[in-house]
Amino acid sequence: MLVADLPTPALVVDLASLNHNIDAMAKIRPGPSVRSHVKAHKSTRLARYAAERSASHSACCATLRELSGMIR
């Protein structure tokens, strides 16, 4: 697939790097002390993924719309 073929907007992630970063932060600060903020990447799916992978099982939301996306 070419970049031009991607639907927009699109979130493109290097999964290996993402997992490395989540795992590194979870090792430094285990538990719910580090939470993904939906506002940072505008992706509830990514926030949910990070929360599950880090075992923090939590995320920060700044708006009701973000919260609504997280509880679906």
# chains A, B, ... in the order shown; residues from 1 in each chain; ligands from 1
call {"tool": "residues_around", "arguments": {"residues": "stretch 22-35 of chain A", "least_positions_apart": "6", "cutoff": "6 Å", "atoms": "only C-alpha atoms", "output": "ChimeraX atom specification"}}
result
/A:54,56,58-59
call {"tool": "residues_around", "arguments": {"residues": "A:Val13", "least_positions_apart": "4", "cutoff": "10 Å", "atoms": "only C-alpha atoms", "output": "PDB file with C-alpha atoms, in the first residue's frame"}}
result
ATOM      1  CA  SER A  17       8.737   1.314  18.796  1.00  0.00           C
ATOM      2  CA  LEU A  18       5.385   1.930  20.449  1.00  0.00           C
ATOM      3  CA  LEU A  46      -4.229   3.830  20.984  1.00  0.00           C
TER       4      LEU A  46
END
call {"tool": "atom_distance", "arguments": {"atom1": "atom CA of A:Asn19", "atom2": "atom CA of A:Arg53"}}
result
7.9 Å
call {"tool": "select_by_dssp", "arguments": {"residues": "chain A", "states": "strand (DSSP E or B)", "output": "list in words"}}
result
Ser36, His37, Ala59 and Cys60 of chain A
call {"tool": "select_by_dssp", "arguments": {"residues": "chain A", "states": "helix (DSSP H, G or I)", "output": "ChimeraX atom specification"}}
result
/A:3-5,15-28,31-33,38-41,44-54,64-71
call {"tool": "closest_residue", "arguments": {"among": "A:Leu6, A:Val12, A:Leu64, A:Met1", "to": "A:Val38", "atoms": "only C-alpha atoms"}}
result
A:Leu64
call {"tool": "residues_around", "arguments": {"residues": "A:Lys39", "least_positions_apart": "3", "cutoff": "12 Å", "atoms": "only C-alpha atoms", "output": "PyMOL selection string"}}
result
chain A and resi 35-36+42-44+46-47+59-67+69-70
call {"tool": "decode", "arguments": {"residues": "chain A", "atoms": "C-alpha atoms", "output": "JSON list (two decimals), in the first residue's frame"}}
result
[["chain", "number", "residue", "atom", "x", "y", "z"],
["A", 1, "MET", "CA", 0.00, 0.00, 0.00],
["A", 2, "LEU", "CA", 1.24, 3.46, -0.84],
["A", 3, "VAL", "CA", 0.99, 6.39, 1.55],
["A", 4, "ALA", "CA", -1.26, 8.08, -1.02],
["A", 5, "ASP", "CA", -3.69, 5.14, -0.71],
["A", 6, "LEU", "CA", -4.24, 5.61, 3.02],
["A", 7, "PRO", "CA", -7.59, 7.01, 4.06],
["A", 8, "THR", "CA", -7.22, 10.32, 5.85],
["A", 9, "PRO", "CA", -6.87, 11.17, 8.56],
["A", 10, "ALA", "CA", -4.71, 8.16, 9.38],
["A", 11, "LEU", "CA", -2.62, 7.27, 12.42],
["A", 12, "VAL", "CA", 0.52, 5.44, 11.31],
["A", 13, "VAL", "CA", 2.45, 3.78, 14.12],
["A", 14, "ASP", "CA", 5.70, 1.84, 14.30],
["A", 15, "LEU", "CA", 4.30, -0.90, 16.53],
["A", 16, "ALA", "CA", 7.71, -2.18, 17.65],
["A", 17, "SER", "CA", 8.74, 1.31, 18.80],
["A", 18, "LEU", "CA", 5.39, 1.93, 20.45],
["A", 19, "ASN", "CA", 5.59, -1.35, 22.37],
["A", 20, "HIS", "CA", 9.19, -0.62, 23.38],
["A", 21, "ASN", "CA", 8.23, 2.81, 24.73],
["A", 22, "ILE", "CA", 5.16, 1.53, 26.59],
["A", 23, "ASP", "CA", 7.16, -1.32, 28.12],
["A", 24, "ALA", "CA", 10.01, 1.01, 29.13],
["A", 25, "MET", "CA", 7.65, 3.42, 30.88],
["A", 26, "ALA", "CA", 5.77, 0.58, 32.56],
["A", 27, "LYS", "CA", 9.07, -0.75, 33.90],
["A", 28, "ILE", "CA", 10.10, 2.67, 35.27],
["A", 29, "ARG", "CA", 6.67, 3.57, 36.69],
["A", 30, "PRO", "CA", 4.54, 0.42, 37.12],
["A", 31, "GLY", "CA", 0.84, 0.66, 37.84],
["A", 32, "PRO", "CA", -1.52, 3.53, 37.15],
["A", 33, "SER", "CA", 1.00, 6.33, 37.75],
["A", 34, "VAL", "CA", 1.66, 6.66, 33.99],
["A", 35, "ARG", "CA", -1.44, 7.08, 31.87],
["A", 36, "SER", "CA", -1.82, 7.71, 28.17],
["A", 37, "HIS", "CA", -3.59, 11.00, 27.49],
["A", 38, "VAL", "CA", -6.08, 10.73, 24.65],
["A", 39, "LYS", "CA", -5.48, 14.40, 23.81],
["A", 40, "ALA", "CA", -1.82, 13.70, 22.97],
["A", 41, "HIS", "CA", -2.55, 11.42, 20.02],
["A", 42, "LYS", "CA", -6.31, 11.87, 19.50],
["A", 43, "SER", "CA", -6.82, 8.12, 19.43],
["A", 44, "THR", "CA", -8.97, 6.31, 21.97],
["A", 45, "ARG", "CA", -7.90, 3.03, 20.39],
["A", 46, "LEU", "CA", -4.23, 3.83, 20.98],
["A", 47, "ALA", "CA", -4.94, 4.97, 24.55],
["A", 48, "ARG", "CA", -6.82, 1.72, 25.21],
["A", 49, "TYR", "CA", -3.95, -0.30, 23.71],
["A", 50, "ALA", "CA", -1.35, 1.48, 25.86],
["A", 51, "ALA", "CA", -3.45, 1.06, 29.01],
["A", 52, "GLU", "CA", -3.81, -2.68, 28.42],
["A", 53, "ARG", "CA", -0.17, -3.25, 27.45],
["A", 54, "SER", "CA", 1.20, -1.28, 30.41],
["A", 55, "ALA", "CA", -1.21, -2.93, 32.86],
["A", 56, "SER", "CA", -2.13, 0.53, 34.16],
["A", 57, "HIS", "CA", -5.65, -0.05, 32.82],
["A", 58, "SER", "CA", -6.19, 3.70, 32.87],
["A", 59, "ALA", "CA", -6.02, 6.73, 30.61],
["A", 60, "CYS", "CA", -6.58, 10.48, 30.90],
["A", 61, "CYS", "CA", -9.39, 12.23, 29.07],
["A", 62, "ALA", "CA", -9.90, 15.99, 28.82],
["A", 63, "THR", "CA", -13.33, 16.03, 27.18],
["A", 64, "LEU", "CA", -16.59, 14.11, 27.37],
["A", 65, "ARG", "CA", -16.10, 13.02, 23.76],
["A", 66, "GLU", "CA", -12.74, 11.43, 24.63],
["A", 67, "LEU", "CA", -14.29, 9.74, 27.65],
["A", 68, "SER", "CA", -17.16, 8.45, 25.54],
["A", 69, "GLY", "CA", -14.69, 6.90, 23.11],
["A", 70, "MET", "CA", -12.82, 5.20, 25.95],
["A", 71, "ILE", "CA", -15.84, 3.52, 27.50],
["A", 72, "ARG", "CA", -17.21, 2.02, 24.29]]
